[in-house]
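Asks: Following this line is upload_1.txt, made up of compact mmCIF, C-alpha atoms:
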# COMPACT_ATOMS: atom_id res chain seq x y z
CA MET A 1 -1.40 -9.99 -14.00
CA HIS A 2 -3.45 -13.18 -13.65
CA PHE A 3 -6.82 -13.85 -12.08
CA GLU A 4 -8.75 -16.95 -11.24
CA THR A 5 -12.49 -16.63 -11.85
CA GLN A 6 -15.23 -18.83 -10.43
CA ILE A 7 -18.97 -18.43 -10.91
CA PHE A 8 -21.51 -19.39 -8.25
CA HIS A 9 -25.12 -18.53 -9.18
CA ASN A 10 -25.07 -14.75 -9.52
CA VAL A 11 -21.75 -14.23 -7.80
CA HIS A 12 -18.49 -14.05 -9.71
CA VAL A 13 -15.45 -14.72 -7.55
CA ILE A 14 -12.23 -13.16 -8.76
CA THR A 15 -9.00 -14.21 -7.09
CA PRO A 16 -5.99 -12.07 -8.04
CA LEU A 17 -3.06 -14.44 -8.41
CA VAL A 18 -0.48 -11.99 -7.15
CA ARG A 19 1.30 -11.58 -3.84
CA ARG A 20 1.50 -7.79 -3.94
CA LEU A 21 -1.32 -5.58 -5.18
CA ASP A 22 0.71 -2.39 -5.44
CA ALA A 23 1.09 0.49 -7.90
CA SER A 24 2.91 -1.72 -10.40
CA VAL A 25 -0.22 -3.82 -11.00
CA SER A 26 -3.17 -1.87 -9.56
CA THR A 27 -4.04 -0.07 -12.82
CA LYS A 28 -4.22 -3.36 -14.70
CA PHE A 29 -6.17 -4.93 -11.83
CA LYS A 30 -8.68 -2.08 -11.94
CA GLN A 31 -9.03 -2.05 -15.73
CA GLU A 32 -9.53 -5.79 -16.06
CA THR A 33 -12.03 -5.96 -13.20
CA LEU A 34 -13.91 -2.89 -14.47
CA LEU A 35 -14.26 -4.59 -17.85
CA ARG A 36 -15.89 -7.56 -16.16
CA ILE A 37 -18.21 -5.32 -14.14
CA GLU A 38 -19.31 -3.39 -17.21
CA THR A 39 -20.07 -6.49 -19.24
CA GLY A 40 -22.18 -8.35 -16.67
CA SER A 41 -24.87 -7.96 -14.06
CA PHE A 42 -23.48 -10.20 -11.36
CA ASP A 43 -22.35 -9.54 -7.80
CA LEU A 44 -18.61 -9.60 -7.32
CA LEU A 45 -16.49 -11.20 -4.63
CA LEU A 46 -12.79 -10.40 -4.62
CA ASN A 47 -10.89 -13.18 -2.90
CA PHE A 48 -7.59 -11.91 -1.49
CA CYS A 49 -6.35 -15.31 -0.29
CA ARG A 50 -3.27 -15.06 -2.53
CA VAL A 51 -2.55 -11.39 -1.73
CA ASP A 52 -0.38 -10.50 1.25
CA PHE A 53 0.26 -6.80 0.57
CA VAL A 54 -1.82 -3.87 -0.66
CA ASP A 55 -0.95 -0.19 -1.00
CA SER A 56 -2.93 3.02 -1.49
CA SER A 57 -3.22 2.50 -5.23
CA CYS A 58 -4.94 -0.82 -4.60
CA LEU A 59 -7.32 0.81 -2.11
CA GLY A 60 -8.05 3.52 -4.68
CA ALA A 61 -8.68 0.90 -7.35
CA LEU A 62 -11.13 -0.90 -5.05
CA VAL A 63 -12.99 2.35 -4.44
CA SER A 64 -13.26 2.85 -8.22
CA LEU A 65 -14.69 -0.66 -8.57
CA LEU A 66 -17.16 -0.06 -5.77
CA LYS A 67 -18.36 3.13 -7.45
CA ALA A 68 -18.74 1.25 -10.73
CA MET A 69 -21.13 -1.30 -9.22
CA GLN A 70 -24.62 -0.05 -10.03
CA ASP A 71 -28.22 -1.21 -9.69
CA GLU A 72 -27.72 -2.51 -6.15
CA ARG A 73 -25.13 -5.02 -7.24
CA GLU A 74 -22.79 -6.02 -4.46
CA LEU A 75 -19.02 -5.95 -4.33
CA ALA A 76 -17.47 -7.74 -1.38
CA LEU A 77 -14.01 -8.82 -0.29
CA CYS A 78 -12.86 -11.91 1.53
CA ALA A 79 -9.78 -13.61 2.96
CA LEU A 80 -7.88 -10.46 3.91
CA ASN A 81 -4.84 -11.20 6.04
CA ASP A 82 -4.36 -9.37 9.34
CA ASN A 83 -2.12 -6.67 7.86
CA ILE A 84 -4.47 -5.89 4.98
CA ARG A 85 -7.47 -5.90 7.31
CA GLY A 86 -5.52 -3.46 9.48
CA MET A 87 -5.03 -1.18 6.47
CA PHE A 88 -8.78 -1.19 5.84
CA GLN A 89 -9.45 -0.28 9.47
CA LEU A 90 -6.78 2.41 9.54
CA THR A 91 -8.05 4.11 6.40
CA ARG A 92 -11.68 3.45 7.40
CA MET A 93 -12.27 1.56 4.17
CA ASP A 94 -13.84 -1.19 6.28
CA ARG A 95 -16.82 1.14 6.66
CA ILE A 96 -17.70 1.08 2.97
CA PHE A 97 -16.66 -2.45 1.95
CA THR A 98 -18.35 -5.66 2.98
CA ILE A 99 -15.59 -7.96 4.18
CA TYR A 100 -16.01 -11.69 4.84
CA PRO A 101 -13.51 -13.93 6.60
CA ASP A 102 -13.36 -16.44 3.74
CA GLN A 103 -14.92 -17.40 0.43
CA SER A 104 -17.36 -19.97 1.78
CA SER A 105 -18.90 -17.62 4.34
CA ALA A 106 -19.08 -14.89 1.69
CA LEU A 107 -20.83 -17.15 -0.80
CA GLN A 108 -23.19 -18.46 1.85
CA ARG A 109 -24.33 -14.90 2.50
CA MET A 110 -24.17 -13.49 -1.04
CA CYS A 111 -25.83 -16.43 -2.82
CA SER A 112 -28.67 -16.56 -0.31
CA CYS A 113 -29.22 -12.82 -0.77
CA THR A 114 -29.51 -13.14 -4.55
CA SER A 115 -31.66 -16.31 -4.68
CA MET B 116 26.02 -4.12 3.39
CA LYS B 117 28.16 -2.38 5.90
CA ARG B 118 28.35 -2.29 9.61
CA ASP B 119 28.54 0.96 11.52
CA ASN B 120 30.90 -0.66 13.93
CA GLY B 121 33.32 -3.31 12.86
CA HIS B 122 33.16 -5.21 16.13
CA SER B 123 29.82 -5.13 17.92
CA VAL B 124 26.67 -5.07 15.81
CA ASP B 125 24.33 -2.75 17.67
CA SER B 126 23.40 -0.74 14.61
CA PHE B 127 23.34 -1.56 10.96
CA THR B 128 22.94 0.31 7.68
CA VAL B 129 22.33 -0.75 4.10
CA SER B 130 22.19 1.39 0.97
CA VAL B 131 20.21 0.29 -2.09
CA THR B 132 19.81 2.07 -5.43
CA ILE B 133 16.90 1.10 -7.67
CA PRO B 134 15.77 2.16 -11.15
CA ALA B 135 12.93 4.68 -10.90
CA THR B 136 10.22 2.39 -12.20
CA LEU B 137 7.20 0.81 -10.58
CA TYR B 138 8.75 -2.58 -11.31
CA SER B 139 11.27 -1.72 -8.58
CA LEU B 140 8.58 -1.85 -5.88
CA THR B 141 8.88 -5.58 -5.31
CA PRO B 142 12.72 -5.65 -5.30
CA ILE B 143 12.97 -2.74 -2.84
CA SER B 144 10.41 -4.41 -0.59
CA GLU B 145 12.48 -7.59 -0.71
CA GLN B 146 15.58 -5.57 0.23
CA LEU B 147 13.72 -4.07 3.18
CA HIS B 148 12.64 -7.48 4.45
CA LEU B 149 16.14 -8.86 3.98
CA PHE B 150 17.45 -5.95 6.02
CA LEU B 151 14.83 -6.46 8.73
CA ARG B 152 15.59 -10.17 8.88
CA PHE B 153 19.23 -9.40 9.54
CA CYS B 154 18.34 -6.82 12.20
CA THR B 155 15.87 -9.08 13.97
CA GLY B 156 18.35 -11.94 13.87
CA SER B 157 20.99 -9.73 15.45
CA PHE B 158 19.80 -7.22 17.98
CA ILE B 159 16.14 -6.21 17.79
CA SER B 160 12.75 -7.86 17.96
CA LEU B 161 10.21 -6.69 15.45
CA HIS B 162 6.46 -7.15 15.42
CA PRO B 163 5.11 -8.15 11.98
CA GLU B 164 2.84 -5.08 12.06
CA ILE B 165 5.90 -2.82 12.15
CA ALA B 166 7.48 -4.62 9.21
CA TYR B 167 4.26 -4.17 7.25
CA ALA B 168 4.05 -0.48 8.16
CA LEU B 169 7.62 0.05 6.96
CA ASP B 170 6.87 -1.84 3.75
CA VAL B 171 3.77 0.28 3.07
CA ALA B 172 5.48 3.59 3.84
CA LEU B 173 8.51 2.77 1.71
CA GLY B 174 6.34 1.64 -1.20
CA GLU B 175 4.19 4.77 -1.01
CA ALA B 176 7.25 7.02 -0.90
CA VAL B 177 8.90 5.35 -3.91
CA THR B 178 5.63 5.27 -5.84
CA ASN B 179 5.12 9.01 -5.23
CA ILE B 180 8.59 9.78 -6.54
CA ILE B 181 8.09 7.67 -9.67
CA ARG B 182 4.56 8.84 -10.40
CA HIS B 183 4.76 12.49 -9.46
CA GLY B 184 8.40 13.48 -9.05
CA LEU B 185 10.21 12.17 -12.07
CA PRO B 186 9.54 12.79 -15.75
CA GLN B 187 8.43 9.69 -17.60
CA TYR B 188 10.67 7.75 -19.94
CA THR B 189 13.92 8.98 -18.44
CA GLU B 190 16.50 6.82 -16.79
CA GLN B 191 16.56 7.88 -13.17
CA SER B 192 17.26 6.10 -9.95
CA VAL B 193 16.15 6.30 -6.34
CA GLU B 194 18.50 5.68 -3.44
CA VAL B 195 17.21 4.13 -0.25
CA ASN B 196 19.25 3.90 2.94
CA PHE B 197 18.06 1.59 5.69
CA ALA B 198 19.39 2.02 9.22
CA CYS B 199 18.52 0.07 12.30
CA SER B 200 19.39 0.52 15.95
CA ALA B 201 17.88 -0.86 19.13
CA ARG B 202 15.71 2.25 19.30
CA GLN B 203 14.45 2.83 15.75
CA ILE B 204 14.41 1.90 12.11
CA THR B 205 15.15 4.71 9.69
CA MET B 206 14.58 4.77 5.94
CA GLU B 207 16.09 7.63 3.95
CA ILE B 208 14.90 8.02 0.38
CA HIS B 209 16.79 10.28 -2.02
CA ASP B 210 15.73 11.31 -5.52
CA GLN B 211 16.48 13.99 -8.09
CA GLY B 212 12.92 14.65 -9.18
CA LYS B 213 10.36 17.35 -8.58
CA PRO B 214 9.98 18.01 -4.84
CA ILE B 215 6.76 17.24 -2.99
CA PRO B 216 4.85 20.54 -2.62
CA MET B 217 5.47 21.81 0.91
CA ILE B 218 1.80 22.78 1.33
CA LEU B 219 0.76 19.18 0.68
CA LEU B 220 3.22 17.90 3.27
CA GLN B 221 1.97 20.42 5.82
CA GLN B 222 -1.64 19.49 5.14
CA ARG B 223 -1.10 15.74 5.41
CA SER B 224 1.02 16.03 8.56
CA ARG B 225 -1.86 17.78 10.31
CA GLN B 226 -4.82 15.89 8.89
CA GLY B 227 -6.56 12.82 10.22
CA TRP B 228 -8.42 10.31 8.08
CA PRO B 229 -11.81 11.95 8.81
CA ASP B 230 -10.45 15.16 7.24
CA LEU B 231 -9.62 13.32 4.05
CA TRP B 232 -12.89 11.48 3.38
CA GLN B 233 -16.13 10.44 5.03
CA PRO B 234 -17.73 7.00 4.59
CA GLU B 235 -21.24 8.50 4.66
CA ARG B 236 -20.42 10.79 1.70
CA PRO B 237 -19.80 8.61 -1.40
CA GLU B 238 -18.66 11.65 -3.37
CA SER B 239 -15.70 11.95 -0.96
CA TRP B 240 -14.55 8.32 -1.35
CA PRO B 241 -10.93 8.60 -2.48
CA GLU B 242 -9.72 6.87 -5.64
CA GLU B 243 -6.24 8.34 -5.20
CA GLY B 244 -4.23 10.63 -2.94
CA LEU B 245 -3.97 8.29 0.07
CA GLY B 246 -0.23 7.61 -0.13
CA LEU B 247 1.18 10.54 1.84
CA MET B 248 -1.51 10.11 4.46
CA LEU B 249 -0.53 6.46 4.88
CA ILE B 250 3.11 7.46 5.29
CA TYR B 251 2.27 9.96 8.04
CA THR B 252 -0.05 7.51 9.76
CA MET B 253 2.28 4.54 9.71
CA MET B 254 5.54 6.25 10.60
CA ASP B 255 6.40 7.91 13.90
CA LYS B 256 8.43 10.68 12.32
CA VAL B 257 8.54 12.03 8.76
CA LEU B 258 11.15 14.56 7.68
CA TYR B 259 11.50 16.13 4.25
CA ARG B 260 13.96 18.53 2.77
CA SER B 261 14.88 19.49 -0.71
CA ASP B 262 18.13 21.00 -1.92
CA PRO B 263 18.79 22.17 -5.47
CA LEU B 264 19.84 18.71 -6.63
CA THR B 265 18.21 16.16 -4.40
CA ASN B 266 15.10 15.52 -2.31
CA HIS B 267 15.56 13.73 1.00
CA LEU B 268 12.68 11.94 2.71
CA THR B 269 13.39 10.39 6.11
CA LEU B 270 10.93 7.92 7.62
CA ILE B 271 11.42 6.80 11.21
CA LYS B 272 9.68 4.04 13.13
CA TYR B 273 10.45 3.77 16.82
CA LEU B 274 10.84 0.31 18.27
CA THR B 275 10.27 1.23 21.89
CA ALA B 276 7.26 2.93 23.42
Can you present the structure in this file as structure tokens?

Replies:
Amino acid sequence: MHFETQIFHNVHVITPLVRRLDASVSTKFKQETLLRIETGSFDLLLNFCRVDFVDSSCLGALVSLLKAMQDERELALCALNDNIRGMFQLTRMDRIFTIYPDQSSALQRMCSCTS
Amino acid sequence: MKRDNGHSVDSFTVSVTIPATLYSLTPISEQLHLFLRFCTGSFISLHPEIAYALDVALGEAVTNIIRHGLPQYTEQSVEVNFACSARQITMEIHDQGKPIPMILLQQRSRQGWPDLWQPERPESWPEEGLGLMLIYTMMDKVLYRSDPLTNHLTLIKYLTA
């Protein structure tokens, strides 16, 4: 599984380069992202612009990542398509994750909060 | 692919067998969308939300079988039958693994999301165990039976209100 990583001030943006974040890749996605979380002190923005499908294992992986963020570090998501956003609303995950429409609006908010 | 009726296409069925591995999730999803494209081109209209719900439910069902039903490192397969009529889309999933515990099915069929976890209680945030709940939420009808050789899961999505 491949990611694209960009760094803006104290925010690391990780873009999974995969169309489907399902059980076949979610463990690897979680492990690789957890490794980054544990070795840094940055806020994390997961950009889902390349993802058009998620399943319950992806939602579970995201919850694990959220729990791993400590010391008031922020984990946010952006660029969810309508179906994925619907999944978050259905499962009520939208109540625990900060979700931005796109990367620029997320960075505008997250970078100003950390400066 | 076969037609129920050799002359007028008002219903349609397809049977697909996949290796019981998580790498089959993408191919079976592609088969579903191929099937739906044929159905929508022929005799039904389908909202993208319904296609996504079917994709999620099918993926969760197959993932459950592979992760919890079948022993690892054995060559097994899962059979999926798609059927479409003007009224509903049906997905039947057959496997020879360990059956889903009936008590779990009964629980999930009755529960709502607030029963499963609460946003205000971080200790309840679920890192797993959402799959069956998603199936029950996204499908209109879920049937399950298990005979000595095979488990049969039937997922139905109605196309009309």

Asks: Pull the closest atom pair for each residue of chain B that gets at most 10 Å from chain A, along with the distance in Å to one decimal, counting all atoms listed in the file, ordering rows by chain and then ascending residue number, as a tab-separated table.

Replies:
residue	atom	partner	partner_atom	distance
B:Thr136	CA	A:Ser24	CA	8.6
B:Leu137	CA	A:Ser24	CA	5.0
B:Tyr138	CA	A:Ser24	CA	6.0
B:Ser139	CA	A:Ser24	CA	8.6
B:Leu140	CA	A:Ser24	CA	7.3
B:Thr141	CA	A:Arg20	CA	7.8
B:Pro163	CA	A:Asn83	CA	8.5
B:Glu164	CA	A:Asn83	CA	6.7
B:Ile165	CA	A:Asn83	CA	9.9
B:Ala166	CA	A:Asn83	CA	9.9
B:Tyr167	CA	A:Asn83	CA	6.9
B:Ala168	CA	A:Asn83	CA	8.7
B:Asp170	CA	A:Phe53	CA	8.9
B:Val171	CA	A:Asp55	CA	6.3
B:Ala172	CA	A:Asp55	CA	8.9
B:Gly174	CA	A:Asp55	CA	7.5
B:Glu175	CA	A:Asp55	CA	7.1
B:Thr178	CA	A:Ala23	CA	6.9
B:Asn179	CA	A:Ala23	CA	9.8
B:Arg182	CA	A:Ala23	CA	9.4
B:Gly227	CA	A:Thr91	CA	9.6
B:Trp228	CA	A:Thr91	CA	6.4
B:Pro229	CA	A:Arg92	CA	8.6
B:Leu231	CA	A:Thr91	CA	9.6
B:Trp232	CA	A:Arg92	CA	9.1
B:Gln233	CA	A:Arg92	CA	8.6
B:Pro234	CA	A:Ile96	CA	6.1
B:Glu235	CA	A:Ile96	CA	8.4
B:Pro237	CA	A:Lys67	CA	8.3
B:Glu238	CA	A:Lys67	CA	9.5
B:Trp240	CA	A:Val63	CA	6.9
B:Pro241	CA	A:Gly60	CA	6.2
B:Glu242	CA	A:Gly60	CA	3.9
B:Glu243	CA	A:Gly60	CA	5.2
B:Gly244	CA	A:Ser56	CA	7.9
B:Leu245	CA	A:Ser56	CA	5.6
B:Gly246	CA	A:Ser56	CA	5.5
B:Leu247	CA	A:Ser56	CA	9.2
B:Met248	CA	A:Thr91	CA	9.1
B:Leu249	CA	A:Ser56	CA	7.6
B:Thr252	CA	A:Leu90	CA	8.4
B:Met253	CA	A:Leu90	CA	9.3

Asks: May I ask which of the residues A:Leu34, A:Leu45, A:Cys111, A:Leu17 is the closest one to Cys78 in chain A, counting only C-alpha atoms?

Replies: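 Of A:Leu34, A:Leu45, A:Cys111, A:Leu17, the one nearest Cys78 in chain A is A:Leu45, counting only C-alpha atoms.
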
Asks: Which value, in Å to one decimal, gives the distance between CA of Asp255 in chain B and CA of Leu80 in chain A?

Replies: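 If I compute the distance from CA of Asp255 in chain B to CA of Leu80 in chain A, I get 25.3 Å.
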
Asks: Rounded to one decimal place, report the CA of Phe150 in chain B-CA of Val18 in chain A distance in Å.

Replies: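 Atom-to-atom, CA of Phe150 in chain B to CA of Val18 in chain A, that is 23.1 Å.
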
Asks: Can you tell me how far CA of Phe127 in chain B sits from CA of Met206 in chain B, in Å to one decimal?

Replies: 11.9 Å

Asks: So that I can see what lies close to Leu107 in chain A, please list as an mmCIF file with C-alpha atoms, in the coordinates of the input the residues with an atom at most 12 Å from it, counting only C-alpha atoms and leaving out residues fewer than 4 positions away in the same chain.

Replies:
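Dumped to result_18.cif:
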data_model
loop_
_atom_site.group_PDB
_atom_site.id
_atom_site.type_symbol
_atom_site.label_atom_id
_atom_site.label_comp_id
_atom_site.auth_asym_id
_atom_site.auth_seq_id
_atom_site.Cartn_x
_atom_site.Cartn_y
_atom_site.Cartn_z
ATOM 1 C CA GLN A 6 -15.230 -18.830 -10.430
ATOM 2 C CA ILE A 7 -18.970 -18.430 -10.910
ATOM 3 C CA PHE A 8 -21.510 -19.390 -8.250
ATOM 4 C CA HIS A 9 -25.120 -18.530 -9.180
ATOM 5 C CA ASN A 10 -25.070 -14.750 -9.520
ATOM 6 C CA VAL A 11 -21.750 -14.230 -7.800
ATOM 7 C CA HIS A 12 -18.490 -14.050 -9.710
ATOM 8 C CA VAL A 13 -15.450 -14.720 -7.550
ATOM 9 C CA ASP A 43 -22.350 -9.540 -7.800
ATOM 10 C CA LEU A 44 -18.610 -9.600 -7.320
ATOM 11 C CA LEU A 45 -16.490 -11.200 -4.630
ATOM 12 C CA LEU A 46 -12.790 -10.400 -4.620
ATOM 13 C CA ASN A 47 -10.890 -13.180 -2.900
ATOM 14 C CA GLU A 74 -22.790 -6.020 -4.460
ATOM 15 C CA LEU A 75 -19.020 -5.950 -4.330
ATOM 16 C CA ALA A 76 -17.470 -7.740 -1.380
ATOM 17 C CA LEU A 77 -14.010 -8.820 -0.290
ATOM 18 C CA CYS A 78 -12.860 -11.910 1.530
ATOM 19 C CA ILE A 99 -15.590 -7.960 4.180
ATOM 20 C CA TYR A 100 -16.010 -11.690 4.840
ATOM 21 C CA PRO A 101 -13.510 -13.930 6.600
ATOM 22 C CA ASP A 102 -13.360 -16.440 3.740
ATOM 23 C CA GLN A 103 -14.920 -17.400 0.430
ATOM 24 C CA CYS A 111 -25.830 -16.430 -2.820
ATOM 25 C CA SER A 112 -28.670 -16.560 -0.310
ATOM 26 C CA CYS A 113 -29.220 -12.820 -0.770
ATOM 27 C CA THR A 114 -29.510 -13.140 -4.550
ATOM 28 C CA SER A 115 -31.660 -16.310 -4.680
#
